[in-house]
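Structure data (PDB, C-alpha atoms (C1' of nucleotides)) from coords.pdb:
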```
ATOM      1  CA  MET A  27     -86.493 112.574 111.687
ATOM      2  CA  PRO A  28     -88.272 114.892 114.120
ATOM      3  CA  GLU A  29     -91.931 114.616 115.078
ATOM      4  CA  SER A  30     -94.446 116.149 112.714
ATOM      5  CA  ASN A  31     -96.263 117.551 115.738
ATOM      6  CA  ASP A  32     -94.548 120.819 116.480
ATOM      7  CA  VAL A  33     -93.030 119.968 119.812
ATOM      8  CA  GLU A  34     -90.590 122.827 119.472
ATOM      9  CA  ARG A  35     -92.035 126.285 119.202
ATOM     10  CA  CYS A  36     -90.614 129.612 120.214
ATOM     11  CA  GLY A  37     -93.573 131.649 119.077
ATOM     12  CA  PHE A  38     -91.915 133.868 116.511
ATOM     13  CA  LEU A  39     -93.192 132.073 113.455
ATOM     14  CA  PHE A  40     -96.790 132.525 114.507
ATOM     15  CA  VAL A  41     -96.335 136.267 114.363
ATOM     16  CA  HIS A  42     -94.986 136.246 110.819
ATOM     17  CA  ARG A  43     -97.088 133.814 108.864
ATOM     18  CA  ASP A  44     -96.258 135.628 105.625
ATOM     19  CA  THR A  45     -92.543 134.976 106.210
ATOM     20  CA  VAL A  46     -93.253 131.285 106.518
ATOM     21  CA  ARG A  47     -95.153 131.369 103.273
ATOM     22  CA  GLN A  48     -92.386 133.318 101.501
ATOM     23  CA  VAL A  49     -89.699 130.904 102.662
ATOM     24  CA  THR A  50     -91.603 127.772 101.752
ATOM     25  CA  GLU A  51     -92.655 129.170  98.374
ATOM     26  CA  GLN A  52     -89.159 130.333  97.457
ATOM     27  CA  MET A  53     -87.438 127.120  98.621
ATOM     28  CA  PRO A  54     -86.473 124.890  95.640
ATOM     29  CA  GLU A  55     -87.410 121.232  95.591
ATOM     30  CA  ASP A  56     -85.432 118.876  97.788
ATOM     31  CA  GLU A  57     -83.808 117.185  94.802
ATOM     32  CA  LYS A  58     -82.471 120.466  93.494
ATOM     33  CA  LEU A  59     -81.096 121.425  96.883
ATOM     34  CA  TYR A  60     -79.401 118.051  97.076
ATOM     35  CA  ASP A  61     -77.872 118.490  93.623
ATOM     36  CA  LEU A  62     -76.655 121.944  94.536
ATOM     37  CA  ALA A  63     -74.958 120.605  97.650
ATOM     38  CA  GLU A  64     -73.395 117.861  95.522
ATOM     39  CA  LEU A  65     -71.982 120.475  93.166
ATOM     40  CA  PHE A  66     -70.383 122.454  95.969
ATOM     41  CA  LYS A  67     -69.053 119.232  97.468
ATOM     42  CA  VAL A  68     -67.035 118.758  94.284
ATOM     43  CA  PHE A  69     -65.389 122.145  94.806
ATOM     44  CA  GLY A  70     -64.828 121.324  98.453
ATOM     45  CA  ASP A  71     -61.468 119.595  98.116
ATOM     46  CA  SER A  72     -58.134 121.356  97.717
ATOM     47  CA  THR A  73     -56.771 118.743  95.315
ATOM     48  CA  ARG A  74     -59.704 119.255  92.961
ATOM     49  CA  ILE A  75     -59.389 123.025  93.301
ATOM     50  CA  LYS A  76     -55.731 122.740  92.318
ATOM     51  CA  ILE A  77     -56.614 120.659  89.285
ATOM     52  CA  LEU A  78     -59.210 123.212  88.194
ATOM     53  CA  TYR A  79     -56.730 126.062  88.622
ATOM     54  CA  ALA A  80     -54.219 124.175  86.488
ATOM     55  CA  LEU A  81     -56.860 123.793  83.784
ATOM     56  CA  PHE A  82     -57.511 127.560  83.899
ATOM     57  CA  GLU A  83     -54.402 128.046  81.792
ATOM     58  CA  ALA A  84     -54.397 125.159  79.381
ATOM     59  CA  GLU A  85     -55.800 121.805  78.414
ATOM     60  CA  LEU A  86     -53.689 119.156  80.158
ATOM     61  CA  CYS A  87     -53.386 115.396  80.133
ATOM     62  CA  VAL A  88     -53.610 113.295  83.302
ATOM     63  CA  CYS A  89     -49.873 112.766  83.462
ATOM     64  CA  ASP A  90     -49.197 116.495  83.111
ATOM     65  CA  ILE A  91     -51.560 117.346  85.961
ATOM     66  CA  ALA A  92     -49.949 114.731  88.170
ATOM     67  CA  GLN A  93     -46.455 116.052  87.526
ATOM     68  CA  LEU A  94     -47.437 119.689  87.755
ATOM     69  CA  LEU A  95     -49.167 119.318  91.121
ATOM     70  CA  GLY A  96     -46.962 116.623  92.618
ATOM     71  CA  LEU A  97     -49.723 114.035  92.783
ATOM     72  CA  THR A  98     -50.075 110.374  91.935
ATOM     73  CA  GLN A  99     -51.517 109.539  88.530
ATOM     74  CA  SER A 100     -54.104 107.396  90.270
ATOM     75  CA  ALA A 101     -55.187 110.140  92.631
ATOM     76  CA  VAL A 102     -55.555 112.561  89.728
ATOM     77  CA  SER A 103     -57.551 110.050  87.721
ATOM     78  CA  HIS A 104     -59.916 109.434  90.629
ATOM     79  CA  GLN A 105     -60.467 113.144  91.139
ATOM     80  CA  LEU A 106     -60.946 113.823  87.442
ATOM     81  CA  ARG A 107     -63.704 111.248  87.571
ATOM     82  CA  VAL A 108     -65.431 113.265  90.289
ATOM     83  CA  LEU A 109     -64.924 116.517  88.390
ATOM     84  CA  LYS A 110     -66.205 114.936  85.199
ATOM     85  CA  SER A 111     -69.339 113.538  86.802
ATOM     86  CA  GLY A 112     -69.985 117.020  88.191
ATOM     87  CA  ARG A 113     -69.662 118.339  84.627
ATOM     88  CA  LEU A 114     -66.840 120.669  85.608
ATOM     89  CA  VAL A 115     -64.254 119.213  83.227
ATOM     90  CA  LYS A 116     -64.500 117.413  79.923
ATOM     91  CA  PRO A 117     -62.125 114.875  78.353
ATOM     92  CA  ARG A 118     -60.708 114.733  74.846
ATOM     93  CA  LYS A 119     -59.082 111.481  73.879
ATOM     94  CA  GLU A 120     -56.110 111.494  71.518
ATOM     95  CA  GLY A 121     -54.478 108.136  71.123
ATOM     96  CA  LYS A 122     -53.527 106.764  74.490
ATOM     97  CA  THR A 123     -53.548 110.097  76.256
ATOM     98  CA  VAL A 124     -56.619 111.951  77.514
ATOM     99  CA  PHE A 125     -56.628 115.735  77.676
ATOM    100  CA  TYR A 126     -58.905 117.466  80.149
ATOM    101  CA  SER A 127     -60.249 121.017  80.026
ATOM    102  CA  LEU A 128     -62.836 123.105  81.846
ATOM    103  CA  ALA A 129     -66.392 122.173  80.885
ATOM    104  CA  ASP A 130     -67.773 125.706  80.939
ATOM    105  CA  GLU A 131     -67.267 129.187  82.301
ATOM    106  CA  HIS A 132     -69.301 128.624  85.464
ATOM    107  CA  VAL A 133     -66.237 126.969  86.930
ATOM    108  CA  ARG A 134     -64.153 130.107  86.638
ATOM    109  CA  THR A 135     -66.949 132.347  87.916
ATOM    110  CA  LEU A 136     -67.722 130.180  90.905
ATOM    111  CA  ILE A 137     -64.093 129.915  91.955
ATOM    112  CA  ALA A 138     -63.601 133.642  91.426
ATOM    113  CA  GLN A 139     -66.654 134.381  93.564
ATOM    114  CA  GLY A 140     -65.357 132.063  96.263
ATOM    115  CA  MET A 141     -61.965 133.734  96.204
ATOM    116  CA  GLU A 142     -63.619 137.117  96.622
ATOM    117  CA  HIS A 143     -65.317 135.920  99.766
ATOM    118  CA  ILE A 144     -62.051 134.513 101.139
ATOM    119  CA  GLU A 145     -60.060 137.643 100.462
ATOM    120  CA  GLU A 146     -62.562 140.231 101.671
TER     121      GLU A 146
ATOM    122  CA  MET B  26     -46.391 111.758  98.841
ATOM    123  CA  PRO B  27     -44.875 110.986  95.421
ATOM    124  CA  GLU B  28     -41.152 110.975  94.671
ATOM    125  CA  SER B  29     -39.549 114.319  93.913
ATOM    126  CA  ASN B  30     -37.657 112.641  91.097
ATOM    127  CA  ASP B  31     -40.032 112.800  88.181
ATOM    128  CA  VAL B  32     -40.687 109.123  87.755
ATOM    129  CA  GLU B  33     -43.819 109.839  85.785
ATOM    130  CA  ARG B  34     -43.394 111.753  82.574
ATOM    131  CA  CYS B  35     -45.446 111.652  79.452
ATOM    132  CA  GLY B  36     -43.409 114.187  77.563
ATOM    133  CA  PHE B  37     -46.027 116.833  76.913
ATOM    134  CA  LEU B  38     -44.886 119.275  79.550
ATOM    135  CA  PHE B  39     -41.398 119.487  78.076
ATOM    136  CA  VAL B  40     -42.869 120.815  74.861
ATOM    137  CA  HIS B  41     -44.758 123.619  76.571
ATOM    138  CA  ARG B  42     -42.449 125.043  79.187
ATOM    139  CA  ASP B  43     -44.300 128.352  79.066
ATOM    140  CA  THR B  44     -47.541 126.630  80.008
ATOM    141  CA  VAL B  45     -45.850 125.184  83.065
ATOM    142  CA  ARG B  46     -44.655 128.632  84.013
ATOM    143  CA  GLN B  47     -48.095 130.167  83.475
ATOM    144  CA  VAL B  48     -49.806 127.563  85.603
ATOM    145  CA  THR B  49     -47.328 127.753  88.471
ATOM    146  CA  GLU B  50     -47.312 131.540  88.441
ATOM    147  CA  GLN B  51     -51.094 131.844  88.362
ATOM    148  CA  MET B  52     -51.656 129.211  91.059
ATOM    149  CA  PRO B  53     -52.509 130.813  94.429
ATOM    150  CA  GLU B  54     -50.640 129.810  97.581
ATOM    151  CA  ASP B  55     -51.502 126.483  99.139
ATOM    152  CA  GLU B  56     -53.104 128.096 102.161
ATOM    153  CA  LYS B  57     -55.484 130.086  99.992
ATOM    154  CA  LEU B  58     -56.453 127.011  97.995
ATOM    155  CA  TYR B  59     -57.106 125.177 101.214
ATOM    156  CA  ASP B  60     -59.297 128.026 102.527
ATOM    157  CA  LEU B  61     -61.219 128.108  99.263
ATOM    158  CA  ALA B  62     -61.913 124.397  99.486
ATOM    159  CA  GLU B  63     -63.039 124.893 103.085
ATOM    160  CA  LEU B  64     -65.492 127.553 101.962
ATOM    161  CA  PHE B  65     -67.044 125.316  99.328
ATOM    162  CA  LYS B  66     -67.178 122.480 101.825
ATOM    163  CA  VAL B  67     -69.510 124.616 103.923
ATOM    164  CA  PHE B  68     -71.897 124.905 100.958
ATOM    165  CA  GLY B  69     -71.562 121.203 100.300
ATOM    166  CA  ASP B  70     -74.344 119.994 102.562
ATOM    167  CA  SER B  71     -78.044 120.097 101.765
ATOM    168  CA  THR B  72     -79.045 120.952 105.319
ATOM    169  CA  ARG B  73     -76.816 124.010 105.327
ATOM    170  CA  ILE B  74     -78.069 124.984 101.876
ATOM    171  CA  LYS B  75     -81.637 124.789 103.169
ATOM    172  CA  ILE B  76     -80.768 126.994 106.122
ATOM    173  CA  LEU B  77     -79.184 129.570 103.819
ATOM    174  CA  TYR B  78     -82.226 129.544 101.541
ATOM    175  CA  ALA B  79     -84.469 130.124 104.542
ATOM    176  CA  LEU B  80     -82.343 133.109 105.537
ATOM    177  CA  PHE B  81     -82.719 134.512 102.014
ATOM    178  CA  GLU B  82     -86.163 135.748 102.981
ATOM    179  CA  ALA B  83     -85.797 136.872 106.555
ATOM    180  CA  GLU B  84     -83.748 136.918 109.715
ATOM    181  CA  LEU B  85     -84.723 133.856 111.736
ATOM    182  CA  CYS B  86     -84.006 132.438 115.156
ATOM    183  CA  VAL B  87     -82.688 128.920 115.685
ATOM    184  CA  CYS B  88     -86.055 127.590 116.753
ATOM    185  CA  ASP B  89     -87.771 129.062 113.692
ATOM    186  CA  ILE B  90     -85.275 127.460 111.346
ATOM    187  CA  ALA B  91     -85.687 124.103 113.046
ATOM    188  CA  GLN B  92     -89.479 124.222 112.772
ATOM    189  CA  LEU B  93     -89.472 125.576 109.250
ATOM    190  CA  LEU B  94     -87.148 122.900 107.893
ATOM    191  CA  GLY B  95     -88.247 120.004 110.075
ATOM    192  CA  LEU B  96     -84.919 119.647 111.826
ATOM    193  CA  THR B  97     -83.761 119.195 115.384
ATOM    194  CA  GLN B  98     -82.751 122.317 117.313
ATOM    195  CA  SER B  99     -79.421 120.675 118.015
ATOM    196  CA  ALA B 100     -78.728 119.862 114.384
ATOM    197  CA  VAL B 101     -79.538 123.421 113.351
ATOM    198  CA  SER B 102     -77.324 124.839 116.066
ATOM    199  CA  HIS B 103     -74.408 122.657 115.008
ATOM    200  CA  GLN B 104     -74.789 123.690 111.384
ATOM    201  CA  LEU B 105     -75.166 127.353 112.209
ATOM    202  CA  ARG B 106     -71.841 127.061 113.977
ATOM    203  CA  VAL B 107     -70.261 125.814 110.764
ATOM    204  CA  LEU B 108     -71.947 128.528 108.715
ATOM    205  CA  LYS B 109     -70.881 131.173 111.210
ATOM    206  CA  SER B 110     -67.240 130.070 111.256
ATOM    207  CA  GLY B 111     -67.316 130.222 107.454
ATOM    208  CA  ARG B 112     -68.609 133.797 107.801
ATOM    209  CA  LEU B 113     -71.732 133.007 105.797
ATOM    210  CA  VAL B 114     -74.222 133.931 108.543
ATOM    211  CA  LYS B 115     -74.064 136.301 111.460
ATOM    212  CA  PRO B 116     -75.905 136.171 114.791
ATOM    213  CA  ARG B 117     -77.818 138.881 116.615
ATOM    214  CA  LYS B 118     -78.653 138.135 120.204
ATOM    215  CA  GLU B 119     -81.884 139.489 121.691
ATOM    216  CA  GLY B 120     -82.571 138.201 125.148
ATOM    217  CA  LYS B 121     -82.532 134.444 125.160
ATOM    218  CA  THR B 122     -83.109 134.070 121.454
ATOM    219  CA  VAL B 123     -80.470 134.409 118.742
ATOM    220  CA  PHE B 124     -81.456 135.617 115.286
ATOM    221  CA  TYR B 125     -79.338 134.639 112.317
ATOM    222  CA  SER B 126     -79.036 136.377 108.968
ATOM    223  CA  LEU B 127     -76.820 136.173 105.889
ATOM    224  CA  ALA B 128     -73.373 137.641 106.485
ATOM    225  CA  ASP B 129     -73.016 139.228 103.043
ATOM    226  CA  GLU B 130     -74.190 139.119  99.471
ATOM    227  CA  HIS B 131     -71.566 136.629  98.292
ATOM    228  CA  VAL B 132     -73.759 133.913  99.725
ATOM    229  CA  ARG B 133     -76.637 134.749  97.415
ATOM    230  CA  THR B 134     -74.368 135.136  94.390
ATOM    231  CA  LEU B 135     -72.520 131.887  94.949
ATOM    232  CA  ILE B 136     -75.702 129.891  95.421
ATOM    233  CA  ALA B 137     -77.260 131.556  92.387
ATOM    234  CA  GLN B 138     -74.184 130.715  90.280
ATOM    235  CA  GLY B 139     -74.304 127.136  91.498
ATOM    236  CA  MET B 140     -77.984 126.883  90.635
ATOM    237  CA  GLU B 141     -77.246 128.157  87.143
ATOM    238  CA  HIS B 142     -74.757 125.371  86.632
ATOM    239  CA  ILE B 143     -77.233 122.774  87.900
ATOM    240  CA  GLU B 144     -80.072 123.977  85.728
ATOM    241  CA  GLU B 145     -78.181 124.471  82.490
TER     242      GLU B 145
ATOM    243  C1'  DA C  24     -47.418  89.528  69.057
ATOM    244  C1'  DT C  25     -44.802  91.700  72.724
ATOM    245  C1'  DA C  26     -43.313  95.536  75.271
ATOM    246  C1'  DA C  27     -43.955 100.110  76.823
ATOM    247  C1'  DC C  28     -47.013 103.520  78.023
ATOM    248  C1'  DA C  29     -51.286 106.444  79.561
ATOM    249  C1'  DT C  30     -55.263 106.012  81.905
ATOM    250  C1'  DG C  31     -59.070 103.846  84.536
ATOM    251  C1'  DT C  32     -60.705 101.149  88.469
ATOM    252  C1'  DG C  33     -61.683  98.277  92.665
ATOM    253  C1'  DA C  34     -60.536  97.197  97.409
ATOM    254  C1'  DA C  35     -58.791  98.778 101.698
ATOM    255  C1'  DC C  36     -57.550 102.071 105.119
ATOM    256  C1'  DA C  37     -57.546 106.270 107.682
ATOM    257  C1'  DG C  38     -59.621 110.418 108.378
ATOM    258  C1'  DT C  39     -63.713 113.484 108.306
ATOM    259  C1'  DC C  40     -68.589 114.680 108.974
ATOM    260  C1'  DA C  41     -73.698 115.077 110.106
ATOM    261  C1'  DT C  42     -76.917 113.642 113.248
ATOM    262  C1'  DT C  43     -78.602 112.255 117.788
ATOM    263  C1'  DC C  44     -78.723 112.226 122.743
ATOM    264  C1'  DA C  45     -77.805 114.120 127.040
ATOM    265  C1'  DT C  46     -76.515 117.966 129.300
ATOM    266  C1'  DA C  47     -74.601 122.646 130.107
ATOM    267  C1'  DT C  48     -75.038 127.772 129.718
ATOM    268  C1'  DG C  49     -77.468 131.778 129.960
ATOM    269  C1'  DT C  50     -81.915 134.421 130.023
ATOM    270  C1'  DT C  51     -86.585 135.529 131.358
ATOM    271  C1'  DT C  52     -90.710 134.916 134.256
ATOM    272  C1'  DG C  53     -93.329 133.880 138.294
TER     273       DG C  53
ATOM    274  C1'  DC D  27     -84.693 131.468 144.079
ATOM    275  C1'  DA D  28     -86.858 128.208 141.020
ATOM    276  C1'  DA D  29     -88.935 126.875 136.823
ATOM    277  C1'  DA D  30     -89.282 127.430 131.929
ATOM    278  C1'  DC D  31     -87.149 128.398 127.812
ATOM    279  C1'  DA D  32     -83.649 129.223 123.792
ATOM    280  C1'  DT D  33     -79.398 127.983 122.484
ATOM    281  C1'  DA D  34     -74.798 125.819 122.652
ATOM    282  C1'  DT D  35     -71.824 121.876 123.146
ATOM    283  C1'  DG D  36     -69.385 117.337 123.857
ATOM    284  C1'  DA D  37     -69.381 112.452 123.071
ATOM    285  C1'  DA D  38     -70.815 108.647 120.311
ATOM    286  C1'  DT D  39     -72.203 106.519 116.133
ATOM    287  C1'  DG D  40     -72.831 105.469 111.313
ATOM    288  C1'  DA D  41     -71.859 107.111 106.892
ATOM    289  C1'  DC D  42     -68.982 109.105 103.572
ATOM    290  C1'  DT D  43     -64.409 110.439 101.319
ATOM    291  C1'  DG D  44     -59.485 110.855  99.545
ATOM    292  C1'  DT D  45     -55.435 108.401  98.950
ATOM    293  C1'  DT D  46     -52.693 104.375  98.046
ATOM    294  C1'  DC D  47     -51.726  99.982  96.034
ATOM    295  C1'  DA D  48     -52.284  96.523  92.726
ATOM    296  C1'  DC D  49     -54.032  95.561  88.555
ATOM    297  C1'  DA D  50     -57.009  95.971  84.366
ATOM    298  C1'  DT D  51     -57.942  98.245  79.905
ATOM    299  C1'  DG D  52     -56.710 100.156  75.762
ATOM    300  C1'  DT D  53     -53.248 102.289  72.601
ATOM    301  C1'  DT D  54     -48.759 102.854  70.145
ATOM    302  C1'  DA D  55     -44.299 101.237  68.603
ATOM    303  C1'  DT D  56     -40.926  97.748  67.567
TER     304       DT D  56
END
```

What would the structure in this file look like if it were written as structure tokens?
Amino acid sequence: MPESNDVERCGFLFVHRDTVRQVTEQMPEDEKLYDLAELFKVFGDSTRIKILYALFEAELCVCDIAQLLGLTQSAVSHQLRVLKSGRLVKPRKEGKTVFYSLADEHVRTLIAQGMEHIEE
Amino acid sequence: MPESNDVERCGFLFVHRDTVRQVTEQMPEDEKLYDLAELFKVFGDSTRIKILYALFEAELCVCDIAQLLGLTQSAVSHQLRVLKSGRLVKPRKEGKTVFYSLADEHVRTLIAQGMEHIEE
DNA sequence: ATAACATGTGAACAGTCATTCATATGTTTG
DNA sequence: CAAACATATGAATGACTGTTCACATGTTAT
């Protein structure tokens, strides 16, 4: 943690005090920023992205996802846990099998937006 | 890496061969999925999110960002490098100081979409 | 009840990452 | 040129993460 005394100063901020105020007023609370970073962290793994893409088309059980993507059942289960705790997918239990599907439409929009940035 | 012989099979995929086809046809190439994950990884850190939020309001130099967010100059510089290589911010050199600003509007949209998901 | 099956989970390991510290690069000023 | 300043960078460290392996849990069928 840096000193609270402003050891570092380049002089620009003193000229634009209103900018400082705007930034600090607009900035969300630390907890929200942390949560936001956590959300993006969930998208930040190619295995999880693959799983989400698979669920774009249809509800699938753990075993299906594993086969379809060439992954271990255990790996898929671990990642579904992460996706579930991020509220990106939701489970539906039917006997001994569990079907997963996208939790809401934000998932599609976010991934689509990301793809746009990649492909520009 | 799992066996190519399908050791694991739960039987559901055989019933819906068209679903398998849909998923595999719709799935982007591995490289694109990897790049997409890389992009989200850049958003997946609260320090970088803070920096982006600060740049929402105004173009800022490294020193300004450090002061404004209570971070080390070195830490900010390292993170700006990550943000720059992800094409989320762009630099503008003016003498010895370097001003950074958002690279395009996707940044705002993506963060806004993420916030929506958090706050729902 | 026992066996077969689908999924969940904990420990362990290797790889990745953010921060700090020291220092280098490049620019302006005296 | 030398000193001051803004920024960049490389190495080191501690923390976190994804996968694998072994096994536990819970369900269905015989």

Quiz prompt | Non-local contacts of Pro117 (chain A) (12 Å; all atoms listed in the file; under 5 positions in same chain excluded) as an MDAnalysis selection string | solution = (chainID A and resid 81 85:88 103 106:107 109:111 123:129) or (chainID C and resid 30)

Exercise. Kindly provide, as number ranges by chain, the residues of chain A having any atom no farther than 7 Å from an atom of chain D, counting all atoms listed in the file.
Key: A: 101, 121-122

Quiz prompt | C:DA24, C:DA34, C:DA41, C:DA47 ranked by distance to chain B, top pick (using only C-alpha atoms (C1' of nucleotides)) | solution = C:DA41

Practice problem: Compute the set of chain C residues within 10 Å of chain A, using all atoms listed in the file, and express it as a PyMOL selection string. | Solution: chain C and resi 28-32+42-43

Practice problem: Would you mind telling me which residue in B:Ile76, B:Asp129, B:Ser71, B:Lys115 lies nearest to chain A when using only C-alpha atoms? | Solution: B:Ser71

So what does the PyMOL selection byres ((chain A and resi 38-51) around 10) actually pick up in this one, as a PDB file with C-alpha atoms, keeping the file's coordinate frame?
```pdb
ATOM      1  CA  ARG A  35     -92.035 126.285 119.202  1.00  0.00           C
ATOM      2  CA  CYS A  36     -90.614 129.612 120.214  1.00  0.00           C
ATOM      3  CA  GLY A  37     -93.573 131.649 119.077  1.00  0.00           C
ATOM      4  CA  GLN A  52     -89.159 130.333  97.457  1.00  0.00           C
ATOM      5  CA  MET A  53     -87.438 127.120  98.621  1.00  0.00           C
ATOM      6  CA  PRO A  54     -86.473 124.890  95.640  1.00  0.00           C
ATOM      7  CA  GLU A  55     -87.410 121.232  95.591  1.00  0.00           C
TER       8      GLU A  55
ATOM      9  CA  TYR B  78     -82.226 129.544 101.541  1.00  0.00           C
ATOM     10  CA  ALA B  79     -84.469 130.124 104.542  1.00  0.00           C
ATOM     11  CA  LEU B  80     -82.343 133.109 105.537  1.00  0.00           C
ATOM     12  CA  PHE B  81     -82.719 134.512 102.014  1.00  0.00           C
ATOM     13  CA  GLU B  82     -86.163 135.748 102.981  1.00  0.00           C
ATOM     14  CA  ALA B  83     -85.797 136.872 106.555  1.00  0.00           C
ATOM     15  CA  GLU B  84     -83.748 136.918 109.715  1.00  0.00           C
ATOM     16  CA  LEU B  85     -84.723 133.856 111.736  1.00  0.00           C
ATOM     17  CA  CYS B  86     -84.006 132.438 115.156  1.00  0.00           C
ATOM     18  CA  CYS B  88     -86.055 127.590 116.753  1.00  0.00           C
ATOM     19  CA  ASP B  89     -87.771 129.062 113.692  1.00  0.00           C
ATOM     20  CA  ILE B  90     -85.275 127.460 111.346  1.00  0.00           C
ATOM     21  CA  GLN B  92     -89.479 124.222 112.772  1.00  0.00           C
ATOM     22  CA  LEU B  93     -89.472 125.576 109.250  1.00  0.00           C
ATOM     23  CA  LEU B  94     -87.148 122.900 107.893  1.00  0.00           C
TER      24      LEU B  94
END
```

Quiz prompt | Of the listed residues A:Gly112, A:Gly96, A:Leu78, A:Gln105, that which approaches Gly139 (chain B) most closely, counting all atoms listed in the file | solution =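 Ranking A:Gly112, A:Gly96, A:Leu78, A:Gln105 by distance to Gly139 (chain B), first place goes to A:Gly112.
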
Exercise. Can you work out the spacing between CA of Glu63 (chain B) and CA of Asp61 (chain A) in Å, to one decimal?
Key: 18.7 Å

Exercise. Identify all residues satisfying the PyMOL selection byres ((chain A and resi 144) around 9) in the given file; provide them as number ranges by chain.
Key: A: 139-143, 145-146; B: 57, 60-61, 64

Quiz item: CA of Thr97 (chain B) and CA of Glu130 (chain B), how far apart in Å?
Solution: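 Separation of CA of Glu130 (chain B) and CA of Thr97 (chain B): 27.2 Å.
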
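When only C-alpha atoms are used to measure the gap to chain B, the shortest distance among A:Glu120, A:Thr73, A:Asp56, A:Lys67 belongs to A:Lys67.
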
Quiz item: Rounded to one decimal in Å, what is the spacing between CA of Thr135 (chain A) and CA of Tyr59 (chain B)?
Solution: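 Between CA of Thr135 (chain A) and CA of Tyr59 (chain B) the gap works out to 18.0 Å.
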
Quiz item: Given the choices A:Lys119, A:Arg134, A:Ala63, A:Arg74, which gets closest to Val102 (chain A) if the distance is worked out from only C-alpha atoms?
Solution: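 Of all the options, A:Arg74 lies closest to Val102 (chain A).
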
Could you work out an axis-aligned bounding box for all listed atoms of region 34-52 of chain C, with 5 Å added on each of the six sides, and give its centre and edge lengths in Å to one decimal, as lines of an AutoDock Vina configuration file?
```
center_x = -74.1
center_y = 116.4
center_z = 115.8
size_x = 43.2
size_y = 48.3
size_z = 46.8
```
